Amino acid sequence: MDKIIKQTQCWLDSVIIEHNICPFAKRERDKGSIHFYVDNNQEISQVLEDLVIECERLDEQPEIETTLFVLAQFGQDFNDYLDFLDIANQLLIAQGYEGVYQLASFHPEYCFSQTDENDPANYTNRSPYPMLHIIREKSLEKALENYPDPELIPERNVDYCQNLGLEKLQAMLQKCLNNHQ
C-alpha cells in the first residue's frame with residue numbers, strides 16, 4: 001500500500017503539479033490537505049461502499065480538502081473503469097452528494113473519445129493506477145472564481161501535453177512507477 005501511495009504522490013508532484021496540469025493541486029499538496037486512499041477490493045460492491053465511506057470521511061474531516069481514491073485491484077480495464085465511473089456518479093447522487101462532491105477520473109489507459117490511444121492529450125488524465133479524485137464542489141467553485149479563464153484549463157493542458165510529446169509523458173509516468181517499486 002505504501003508503494004502505491006508513493007507512486008501516486010510522485011505522479012501528483014512530478015506530473016500534475018510540476019507541469020501545472022491542475023493549477024489548484026500545489027496549494028493543497030503544500031497544505032497537506034490531500035488524502036490518499038488505496039482500495040484493494042476486487043468486488044464492485046465493496047469498492048462502491050468504500051467510496052461512500054470516503055465521502056463520509058470528507059464530511060467529518062473538513063481539514064481534508066480532497067481525496068485521491070486509488071483502485072489497486074479494480075478497474076484495470078479502461079472500459080470497465082468507465083462503466084464503474086458511471087455507477088459511482090449515480091451512487092453519489094443516490095447518497096445525496098450531488099452538488100457536494102464530484103468525481104474526476106484518472107486511469108493508466110485513459111483515452112478521450114475521438115482520440116488515438118497514443119495521443120499525448122490523454123496524459124492529462126493518465127495516472128499510475130485507476131483512481132477517482134473526490135472533489136469538494138464548493139471549494140472548486142471558490143477556486144475557479146479567482147482563476148482567470150478557468151474554462152481554458154483543459155485546452156491548455158491538451159496543448160501542453162501535445163507539445164511535451166508522447167515519449168516524455170510516458171517516461172514521466174514510468175519514472176514514478178520505477179522509483180517506488
# chains A, B, ... in the order shown; residues from 1 in each chain; ligands from 1
>>> select_by_dssp(residues="chain A", states="strand (DSSP E)", output="VMD selection string")
chain A and resid 34 to 39 66 to 71 101 to 106 131 to 136
>>> residues_around(residues="Ile44 in chain A", least_positions_apart="2", cutoff="12 Å", atoms="only C-alpha atoms", output="PyMOL selection string")
chain A and resi 39-42+46-51+71+73-75+80-81+83-85+87-88+91
>>> closest_residue(among="A:Ile5, A:Asn20, A:Ser127, A:Gln76", to="Met172 in chain A", atoms="only C-alpha atoms")
A:Ser127
>>> closest_residue(among="A:Glu167, A:Asp59, A:Glu65, A:Asp86", to="Glu28 in chain A", atoms="only C-alpha atoms")
A:Glu65
>>> closest_residue(among="A:Leu132, A:Asn79, A:Gly165, A:Phe106", to="Tyr37 in chain A", atoms="only C-alpha atoms")
A:Leu132
>>> closest_residue(among="A:Asn118, A:Val38, A:Glu145, A:Tyr123", to="Val158 in chain A", atoms="only C-alpha atoms")
A:Tyr123
>>> atom_distance(atom1="CA of Lys142 in chain A", atom2="CA of Phe24 in chain A")
10.9 Å
>>> residues_around(residues="Ile135 in chain A", least_positions_apart="3", cutoff="8 Å", atoms="only C-alpha atoms", output="PDB file with N, CA and C atoms, in the first residue's frame")
ATOM      1  N   GLU A  65      -9.137  18.403   2.161  1.00  0.00           N
ATOM      2  CA  GLU A  65      -9.759  19.125   1.047  1.00  0.00           C
ATOM      3  C   GLU A  65     -10.257  18.188  -0.044  1.00  0.00           C
ATOM      4  N   THR A  66      -9.487  17.141  -0.282  1.00  0.00           N
ATOM      5  CA  THR A  66      -9.798  16.277  -1.411  1.00  0.00           C
ATOM      6  C   THR A  66      -9.172  14.907  -1.182  1.00  0.00           C
ATOM      7  N   THR A  67      -9.709  13.901  -1.855  1.00  0.00           N
ATOM      8  CA  THR A  67      -9.175  12.544  -1.731  1.00  0.00           C
ATOM      9  C   THR A  67      -8.841  11.985  -3.104  1.00  0.00           C
ATOM     10  N   TYR A 101     -19.949  16.693  -3.746  1.00  0.00           N
ATOM     11  CA  TYR A 101     -18.708  16.150  -4.274  1.00  0.00           C
ATOM     12  C   TYR A 101     -18.884  15.820  -5.746  1.00  0.00           C
ATOM     13  N   GLN A 102     -17.793  15.913  -6.476  1.00  0.00           N
ATOM     14  CA  GLN A 102     -17.783  15.421  -7.844  1.00  0.00           C
ATOM     15  C   GLN A 102     -16.539  14.563  -8.026  1.00  0.00           C
ATOM     16  N   LEU A 103     -16.616  13.698  -9.019  1.00  0.00           N
ATOM     17  CA  LEU A 103     -15.520  12.779  -9.278  1.00  0.00           C
ATOM     18  C   LEU A 103     -14.790  13.176 -10.550  1.00  0.00           C
ATOM     19  N   ALA A 104     -13.484  13.272 -10.449  1.00  0.00           N
ATOM     20  CA  ALA A 104     -12.638  13.406 -11.634  1.00  0.00           C
ATOM     21  C   ALA A 104     -11.983  12.043 -11.817  1.00  0.00           C
ATOM     22  N   SER A 139     -15.423  24.099  -2.789  1.00  0.00           N
ATOM     23  CA  SER A 139     -14.022  24.527  -2.870  1.00  0.00           C
ATOM     24  C   SER A 139     -13.610  24.759  -4.311  1.00  0.00           C
ATOM     25  N   LEU A 140     -14.067  23.893  -5.198  1.00  0.00           N
ATOM     26  CA  LEU A 140     -13.750  24.053  -6.613  1.00  0.00           C
ATOM     27  C   LEU A 140     -14.361  25.341  -7.156  1.00  0.00           C
TER      28      LEU A 140
END
>>> select_by_dssp(residues="range 56-132 of chain A", states="alpha helix (DSSP H)", output="number ranges by chain")
A: 56-60, 78-94
>>> write_last_selection(atoms="C-alpha atoms", output="compact mmCIF listing (two decimals), in the first residue's frame")
# COMPACT_ATOMS: atom_id res chain seq x y z
CA GLU A 56 -18.30 10.39 4.82
CA ARG A 57 -14.68 10.94 5.91
CA LEU A 58 -14.67 14.19 3.93
CA ASP A 59 -17.97 15.15 5.60
CA GLU A 60 -16.45 14.60 9.03
CA PHE A 78 -10.39 1.15 -19.07
CA ASN A 79 -13.85 0.36 -20.46
CA ASP A 80 -14.82 -1.46 -17.27
CA TYR A 81 -13.48 1.51 -15.33
CA LEU A 82 -15.70 3.89 -17.32
CA ASP A 83 -18.71 1.71 -16.52
CA PHE A 84 -17.71 1.82 -12.85
CA LEU A 85 -17.34 5.60 -13.03
CA ASP A 86 -20.93 5.93 -14.27
CA ILE A 87 -22.16 3.75 -11.41
CA ALA A 88 -20.06 5.70 -8.88
CA ASN A 89 -21.51 9.01 -10.09
CA GLN A 90 -25.04 7.61 -9.80
CA LEU A 91 -24.24 6.34 -6.31
CA LEU A 92 -23.11 9.78 -5.18
CA ILE A 93 -26.41 11.22 -6.41
CA ALA A 94 -28.38 8.47 -4.65
>>> residues_around(residues="range 15-18 of chain A", least_positions_apart="6", cutoff="12 Å", atoms="only C-alpha atoms", output="MDAnalysis selection string")
chainID A and resid 7:9 24:30 106 123:128 157 160:161 164 168:176
>>> atom_distance(atom1="CA of Phe36 in chain A", atom2="CA of Phe69 in chain A")
6.3 Å
